[in-house]
Structure formats: structure tokens, C-alpha cells
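Heads up, the thing below is written out as C-alpha cells.
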There are 2 protein chains.
Amino acid sequence: MTVLYLEDIAVGQKYGSGRARVDAEEIKAFAAEFDPQPFHLDEEAAKGSFFRGLAASGWHTAALTMRLLVTGEFKPAGGVIGAGNEISWTRPVRPGDVLRVESEVLEVRPSKSRPEQGLVKMRSTTFNQKDEPVQVLVANLVVPRRRSSSEALSNA
Amino acid sequence: MTVLYLEDIAVGQKYGSGRARVDAEEIKAFAAEFDPQPFHLDEEAAKGSFFRGLAASGWHTAALTMRLLVTGEFKPAGGVIGAGNEISWTRPVRPGDVLRVESEVLEVRPSKSRPEQGLVKMRSTTFNQKDEPVQVLVANLVVPRRRSSSEALSNA
């Protein structure tokens, strides 16, 4: 698997992921630890809630999305490291849903203050098995630049 | 514990939380499930990384922040339900760190399309035990309006 440096990344490039199935037990276990609200914990209580049925915590969807990103096609040198993000949840994630992520590069820019790296703005949309978007994440990722041969020599 | 309706919430209100300690085993367990990258999984591998030592996944920090919010002082009727967020991580969360959250209401507005609810924009800053911010979350929360007595009668 080839790792990517800033110079390898261009606006419009797209990257896919594998799939992650979410079941009711996982939804409840994540919620019990991190988001203990009735609509994430109990089918009956969820029926009368905003979500009209058991739904995954948005942070569970975000965490599953991160797993799909880290194990997916986009492999920046140094890892998938986010400096900041905008995240929105567009529909509930239900028990039995199967998630996948499509990412598109929106912007690539070298850092002014840190010449050895740059920022890549990437939109990662998480879809369910009906190809409906459940989450849109716009992430600003820190990606290293490839060292020039003169730098490599001076550090040898 | 009194629950809050949109009418109870005003710009400038502040809400606190309890505390959550994060240890190395929790950092590694979350990462193994959701963010399997060396700097979240292994002390030695983390030393040479961007983080210069073991650090929690940002999504782990976000999930812990959600627990502190849900169990904290801010109790909207219907639950803590985010429609969209901006999230940034300002410094690493290290093993042994103890996190707490301070929230401040930035904006309150009734929904035009859904008169029974509104949006509250809230900034929730997660601090470590040295009172250094580790995460800033600006969340747009869906909060129900209190039903007027005429509506209550017509629905009785």
C-alpha cells in the first residue's frame, strides 16, 4: 500500500472504504459508555423520541467513519490526523445498517508556518446500504510533504 | 433536575460538567475499535509520531465530551441532539488526563420550518486537569419549545 505525501494529493481525487455493519447491541454498548440517552439505549423509549426508533449516537457514526477512513484507500504518510472538522448528521443510523465512506479532496495547501507539512481539506460522506448519506464530515487533515533530496542528504 | 425548553435558554448562559479520567488502556481500546493508528495504540510507536507520545483519538475525546455533556448541567427537554458541529482538537489528550467540559450558549433561535422547536448554538470546550483546552466543539442543538396552553388544550 503506497502512502501519500502532500505532493501526491490533488483536488477532486476520490477514495473509497470497506463496509461496517452496525447492530443494535453495538449501538447500545457505545451509547451506554459515551452517550447514555434513551433513544440510543432502548427500542421502546426511542419510539416516542425525536428519532422515532433506536438510532446510533452521532459520535458512534463518527467513530465508525474514522475506522472506515483509517482502513480505507486514503493512506497519508504519518496517518490520518485531523486538525479540525465540520460534521453533520443527515439521517439516523439504524440497527442493521451497513455503512461505507466516500471521500473527495476539496483543497490542498502547503503550511506557511510549517514547511514540512500541509493541510488537505477532504469531504467524507458516510452512506448507508440504501446509498443515503447519514453523515457528512469535512476534515482538515495534516499531511507531510515529501522531503526534497537535499533535505534528505542533510539529515542523512 | 429541571429540563430546559427553548424559552429557558439565553445567550451567555454557562453549564458545567463532571470529570472523566482517561487511562492508557482506554485510549488503546477505543483506538483498536475505531481509530487503529500506531500513535493511539502503542507508546513506543507514538514517540516518533506527530503526537510525540501516546494520545487519545480525537473521536475518543469527542465521545467522552458527549458523556460529560449528557451527564452535565445542561438538560434540554428531549435530550442532547446535535444537528451539526464544528470540532477542533487543540492539544493531545494523554494517559492520566482528567477532562471536564464548560459550555456557553452562543445563539438561540426558533425554527422557521418547525415551530415546535428551535436551534441552540453552544460552544463546549473540553479542558484537561491543567485547564488547557484539548477540544472545542461548537454544536447546533435541536431543542423543543414549550407548548403554549392553547396548544396543550387543543391536543388534550
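Lettering and numbering for the C-alpha cells are positional, with chains as A, B, ... in the shown order, residues counted from 1 in each chain, and ligands counted from 1 in the shown order.
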Could you give me, as number ranges by chain, the residues within 6 Å of stretch 134-142 of chain A, counting only C-alpha atoms and dropping anything in the same chain fewer than 2 positions from it?
A: 81-91, 118-127
Output as a VMD selection string the set of chain B residues within 9 Å of chain A, with distances taken over only C-alpha atoms.
chain B and resid 31 33 to 39 49 to 50 58 to 60 62 to 71 78 to 90
Hey, what does DSSP flag as helix (DSSP H, G or I) within stretch 41-146 of chain A? Can you give it to me as an MDAnalysis selection string?
chainID A and resid 41 43:47 58:70
Please produce chain A as a PDB file with C-alpha atoms, in the first residue's frame once it has been superposed on chain B, the fit using all Cα atoms paired in sequence order.
ATOM      1  CA  MET A   1     -33.356  18.044  37.605  1.00  0.00           C
ATOM      2  CA  THR A   2     -35.296  20.648  35.609  1.00  0.00           C
ATOM      3  CA  VAL A   3     -35.341  20.136  31.859  1.00  0.00           C
ATOM      4  CA  LEU A   4     -34.897  23.141  29.619  1.00  0.00           C
ATOM      5  CA  TYR A   5     -37.078  24.337  26.776  1.00  0.00           C
ATOM      6  CA  LEU A   6     -35.995  26.805  24.119  1.00  0.00           C
ATOM      7  CA  GLU A   7     -37.594  29.660  26.093  1.00  0.00           C
ATOM      8  CA  ASP A   8     -35.389  28.865  29.117  1.00  0.00           C
ATOM      9  CA  ILE A   9     -32.108  29.224  27.206  1.00  0.00           C
ATOM     10  CA  ALA A  10     -30.348  32.546  26.674  1.00  0.00           C
ATOM     11  CA  VAL A  11     -27.095  33.714  25.110  1.00  0.00           C
ATOM     12  CA  GLY A  12     -24.285  33.774  27.643  1.00  0.00           C
ATOM     13  CA  GLN A  13     -25.632  31.054  29.932  1.00  0.00           C
ATOM     14  CA  LYS A  14     -22.915  28.655  31.084  1.00  0.00           C
ATOM     15  CA  TYR A  15     -23.122  25.011  32.059  1.00  0.00           C
ATOM     16  CA  GLY A  16     -20.539  22.755  33.682  1.00  0.00           C
ATOM     17  CA  SER A  17     -19.904  19.028  33.805  1.00  0.00           C
ATOM     18  CA  GLY A  18     -18.425  16.322  35.947  1.00  0.00           C
ATOM     19  CA  ARG A  19     -14.995  14.879  35.249  1.00  0.00           C
ATOM     20  CA  ALA A  20     -13.749  11.915  33.227  1.00  0.00           C
ATOM     21  CA  ARG A  21     -10.324  10.347  33.693  1.00  0.00           C
ATOM     22  CA  VAL A  22      -8.769   8.692  30.633  1.00  0.00           C
ATOM     23  CA  ASP A  23      -6.186   5.960  31.085  1.00  0.00           C
ATOM     24  CA  ALA A  24      -3.841   4.314  28.590  1.00  0.00           C
ATOM     25  CA  GLU A  25      -5.895   1.115  28.398  1.00  0.00           C
ATOM     26  CA  GLU A  26      -9.042   3.038  27.469  1.00  0.00           C
ATOM     27  CA  ILE A  27      -7.151   5.040  24.840  1.00  0.00           C
ATOM     28  CA  LYS A  28      -5.872   1.829  23.256  1.00  0.00           C
ATOM     29  CA  ALA A  29      -9.220   0.009  23.471  1.00  0.00           C
ATOM     30  CA  PHE A  30     -11.116   2.839  21.760  1.00  0.00           C
ATOM     31  CA  ALA A  31      -8.414   3.124  19.104  1.00  0.00           C
ATOM     32  CA  ALA A  32      -8.357  -0.617  18.448  1.00  0.00           C
ATOM     33  CA  GLU A  33     -12.068  -0.473  17.679  1.00  0.00           C
ATOM     34  CA  PHE A  34     -12.386   2.871  15.880  1.00  0.00           C
ATOM     35  CA  ASP A  35      -9.052   4.539  15.085  1.00  0.00           C
ATOM     36  CA  PRO A  36      -6.343   1.878  14.771  1.00  0.00           C
ATOM     37  CA  GLN A  37      -3.281   4.071  14.189  1.00  0.00           C
ATOM     38  CA  PRO A  38       0.083   3.486  15.927  1.00  0.00           C
ATOM     39  CA  PHE A  39       0.071   6.784  17.878  1.00  0.00           C
ATOM     40  CA  HIS A  40      -3.212   5.764  19.565  1.00  0.00           C
ATOM     41  CA  LEU A  41      -2.229   2.127  20.164  1.00  0.00           C
ATOM     42  CA  ASP A  42       1.373   1.856  21.307  1.00  0.00           C
ATOM     43  CA  GLU A  43       3.600   4.051  23.483  1.00  0.00           C
ATOM     44  CA  GLU A  44       6.830   3.211  21.627  1.00  0.00           C
ATOM     45  CA  ALA A  45       5.402   3.735  18.136  1.00  0.00           C
ATOM     46  CA  ALA A  46       3.802   6.987  19.289  1.00  0.00           C
ATOM     47  CA  LYS A  47       7.130   8.520  20.329  1.00  0.00           C
ATOM     48  CA  GLY A  48       8.255   9.118  16.749  1.00  0.00           C
ATOM     49  CA  SER A  49       4.839  10.292  15.543  1.00  0.00           C
ATOM     50  CA  PHE A  50       3.161  13.665  15.102  1.00  0.00           C
ATOM     51  CA  PHE A  51       1.906  13.353  18.700  1.00  0.00           C
ATOM     52  CA  ARG A  52       5.316  12.590  20.326  1.00  0.00           C
ATOM     53  CA  GLY A  53       3.726  10.056  22.651  1.00  0.00           C
ATOM     54  CA  LEU A  54       0.522   8.096  23.167  1.00  0.00           C
ATOM     55  CA  ALA A  55      -2.524  10.285  22.565  1.00  0.00           C
ATOM     56  CA  ALA A  56      -6.267   9.605  22.547  1.00  0.00           C
ATOM     57  CA  SER A  57      -8.105   9.572  19.242  1.00  0.00           C
ATOM     58  CA  GLY A  58      -9.886  12.884  18.749  1.00  0.00           C
ATOM     59  CA  TRP A  59     -13.092  10.878  18.343  1.00  0.00           C
ATOM     60  CA  HIS A  60     -12.481   9.329  21.754  1.00  0.00           C
ATOM     61  CA  THR A  61     -12.182  12.837  23.218  1.00  0.00           C
ATOM     62  CA  ALA A  62     -15.375  13.782  21.364  1.00  0.00           C
ATOM     63  CA  ALA A  63     -17.212  10.729  22.721  1.00  0.00           C
ATOM     64  CA  LEU A  64     -16.037  11.419  26.298  1.00  0.00           C
ATOM     65  CA  THR A  65     -17.114  15.033  25.867  1.00  0.00           C
ATOM     66  CA  MET A  66     -20.572  13.825  24.829  1.00  0.00           C
ATOM     67  CA  ARG A  67     -20.802  11.735  28.012  1.00  0.00           C
ATOM     68  CA  LEU A  68     -19.838  14.772  30.093  1.00  0.00           C
ATOM     69  CA  LEU A  69     -22.434  16.875  28.253  1.00  0.00           C
ATOM     70  CA  VAL A  70     -25.239  14.323  28.606  1.00  0.00           C
ATOM     71  CA  THR A  71     -24.523  13.834  32.312  1.00  0.00           C
ATOM     72  CA  GLY A  72     -23.795  17.529  32.939  1.00  0.00           C
ATOM     73  CA  GLU A  73     -25.813  20.585  33.902  1.00  0.00           C
ATOM     74  CA  PHE A  74     -27.384  21.332  30.517  1.00  0.00           C
ATOM     75  CA  LYS A  75     -30.556  19.244  30.274  1.00  0.00           C
ATOM     76  CA  PRO A  76     -32.659  20.189  27.243  1.00  0.00           C
ATOM     77  CA  ALA A  77     -36.127  18.624  27.013  1.00  0.00           C
ATOM     78  CA  GLY A  78     -35.932  15.817  24.493  1.00  0.00           C
ATOM     79  CA  GLY A  79     -32.201  15.221  25.027  1.00  0.00           C
ATOM     80  CA  VAL A  80     -28.892  16.543  23.714  1.00  0.00           C
ATOM     81  CA  ILE A  81     -29.430  16.232  19.953  1.00  0.00           C
ATOM     82  CA  GLY A  82     -26.875  17.780  17.618  1.00  0.00           C
ATOM     83  CA  ALA A  83     -27.734  18.663  14.034  1.00  0.00           C
ATOM     84  CA  GLY A  84     -24.246  19.762  13.101  1.00  0.00           C
ATOM     85  CA  ASN A  85     -20.960  20.667  14.708  1.00  0.00           C
ATOM     86  CA  GLU A  86     -17.583  22.195  14.237  1.00  0.00           C
ATOM     87  CA  ILE A  87     -14.932  20.375  16.204  1.00  0.00           C
ATOM     88  CA  SER A  88     -11.241  21.057  16.609  1.00  0.00           C
ATOM     89  CA  TRP A  89      -8.580  19.422  18.719  1.00  0.00           C
ATOM     90  CA  THR A  90      -6.161  21.879  20.230  1.00  0.00           C
ATOM     91  CA  ARG A  91      -3.726  19.567  22.067  1.00  0.00           C
ATOM     92  CA  PRO A  92      -3.296  15.843  22.647  1.00  0.00           C
ATOM     93  CA  VAL A  93      -5.191  13.995  25.393  1.00  0.00           C
ATOM     94  CA  ARG A  94      -2.625  11.906  27.301  1.00  0.00           C
ATOM     95  CA  PRO A  95      -2.994   8.858  29.568  1.00  0.00           C
ATOM     96  CA  GLY A  96      -4.030  10.012  33.034  1.00  0.00           C
ATOM     97  CA  ASP A  97      -5.633  13.232  31.823  1.00  0.00           C
ATOM     98  CA  VAL A  98      -8.842  14.239  33.597  1.00  0.00           C
ATOM     99  CA  LEU A  99     -11.335  15.997  31.336  1.00  0.00           C
ATOM    100  CA  ARG A 100     -14.200  18.364  32.057  1.00  0.00           C
ATOM    101  CA  VAL A 101     -16.402  20.495  29.813  1.00  0.00           C
ATOM    102  CA  GLU A 102     -17.560  24.098  30.004  1.00  0.00           C
ATOM    103  CA  SER A 103     -20.422  25.073  27.724  1.00  0.00           C
ATOM    104  CA  GLU A 104     -21.649  28.527  26.766  1.00  0.00           C
ATOM    105  CA  VAL A 105     -24.766  29.423  24.790  1.00  0.00           C
ATOM    106  CA  LEU A 106     -23.807  31.469  21.714  1.00  0.00           C
ATOM    107  CA  GLU A 107     -27.134  31.767  19.905  1.00  0.00           C
ATOM    108  CA  VAL A 108     -30.800  30.821  20.350  1.00  0.00           C
ATOM    109  CA  ARG A 109     -33.258  30.860  17.469  1.00  0.00           C
ATOM    110  CA  PRO A 110     -36.708  29.433  16.817  1.00  0.00           C
ATOM    111  CA  SER A 111     -37.008  27.235  13.739  1.00  0.00           C
ATOM    112  CA  LYS A 112     -38.920  28.816  10.858  1.00  0.00           C
ATOM    113  CA  SER A 113     -39.925  25.520   9.292  1.00  0.00           C
ATOM    114  CA  ARG A 114     -40.706  23.683  12.557  1.00  0.00           C
ATOM    115  CA  PRO A 115     -42.440  25.987  15.045  1.00  0.00           C
ATOM    116  CA  GLU A 116     -42.357  23.348  17.794  1.00  0.00           C
ATOM    117  CA  GLN A 117     -38.566  23.552  18.107  1.00  0.00           C
ATOM    118  CA  GLY A 118     -35.513  25.763  17.740  1.00  0.00           C
ATOM    119  CA  LEU A 119     -31.744  25.661  17.439  1.00  0.00           C
ATOM    120  CA  VAL A 120     -29.276  26.477  20.183  1.00  0.00           C
ATOM    121  CA  LYS A 121     -25.673  27.087  19.163  1.00  0.00           C
ATOM    122  CA  MET A 122     -23.425  26.136  22.046  1.00  0.00           C
ATOM    123  CA  ARG A 123     -19.660  26.140  22.427  1.00  0.00           C
ATOM    124  CA  SER A 124     -18.396  23.296  24.615  1.00  0.00           C
ATOM    125  CA  THR A 125     -14.718  23.496  25.487  1.00  0.00           C
ATOM    126  CA  THR A 126     -13.082  20.375  26.908  1.00  0.00           C
ATOM    127  CA  PHE A 127     -10.270  21.075  29.372  1.00  0.00           C
ATOM    128  CA  ASN A 128      -7.641  18.808  30.893  1.00  0.00           C
ATOM    129  CA  GLN A 129      -6.601  18.863  34.571  1.00  0.00           C
ATOM    130  CA  LYS A 130      -4.208  21.765  33.862  1.00  0.00           C
ATOM    131  CA  ASP A 131      -7.148  23.807  32.520  1.00  0.00           C
ATOM    132  CA  GLU A 132      -5.689  23.607  29.013  1.00  0.00           C
ATOM    133  CA  PRO A 133      -8.299  23.268  26.246  1.00  0.00           C
ATOM    134  CA  VAL A 134      -8.008  19.964  24.385  1.00  0.00           C
ATOM    135  CA  GLN A 135     -11.120  20.266  22.215  1.00  0.00           C
ATOM    136  CA  VAL A 136     -13.504  22.995  21.120  1.00  0.00           C
ATOM    137  CA  LEU A 137     -16.914  21.881  19.907  1.00  0.00           C
ATOM    138  CA  VAL A 138     -19.477  24.316  18.521  1.00  0.00           C
ATOM    139  CA  ALA A 139     -22.746  22.406  18.314  1.00  0.00           C
ATOM    140  CA  ASN A 140     -26.104  23.256  16.820  1.00  0.00           C
ATOM    141  CA  LEU A 141     -28.593  21.571  19.113  1.00  0.00           C
ATOM    142  CA  VAL A 142     -32.256  20.889  18.423  1.00  0.00           C
ATOM    143  CA  VAL A 143     -34.318  21.996  21.446  1.00  0.00           C
ATOM    144  CA  PRO A 144     -38.127  21.816  21.729  1.00  0.00           C
ATOM    145  CA  ARG A 145     -40.210  24.877  22.534  1.00  0.00           C
ATOM    146  CA  ARG A 146     -42.560  24.765  25.474  1.00  0.00           C
ATOM    147  CA  ARG A 147     -46.068  24.094  24.230  1.00  0.00           C
ATOM    148  CA  SER A 148     -48.436  26.990  24.766  1.00  0.00           C
ATOM    149  CA  SER A 149     -51.464  26.281  26.947  1.00  0.00           C
ATOM    150  CA  SER A 150     -53.802  26.540  23.933  1.00  0.00           C
ATOM    151  CA  GLU A 151     -51.782  23.884  22.093  1.00  0.00           C
ATOM    152  CA  ALA A 152     -51.713  21.747  25.212  1.00  0.00           C
ATOM    153  CA  LEU A 153     -55.504  21.990  25.462  1.00  0.00           C
ATOM    154  CA  SER A 154     -56.061  21.182  21.811  1.00  0.00           C
ATOM    155  CA  ASN A 155     -53.882  18.095  22.173  1.00  0.00           C
ATOM    156  CA  ALA A 156     -55.442  17.002  25.447  1.00  0.00           C
TER     157      ALA A 156
END
Using DSSP assignments from the backbone, pull out every residue in chain A that falls under strand (DSSP E or B) and give it to me as a PyMOL selection string.
chain A and resi 4+14-15+20-21+76+82-89+98-110+117-127+133-144
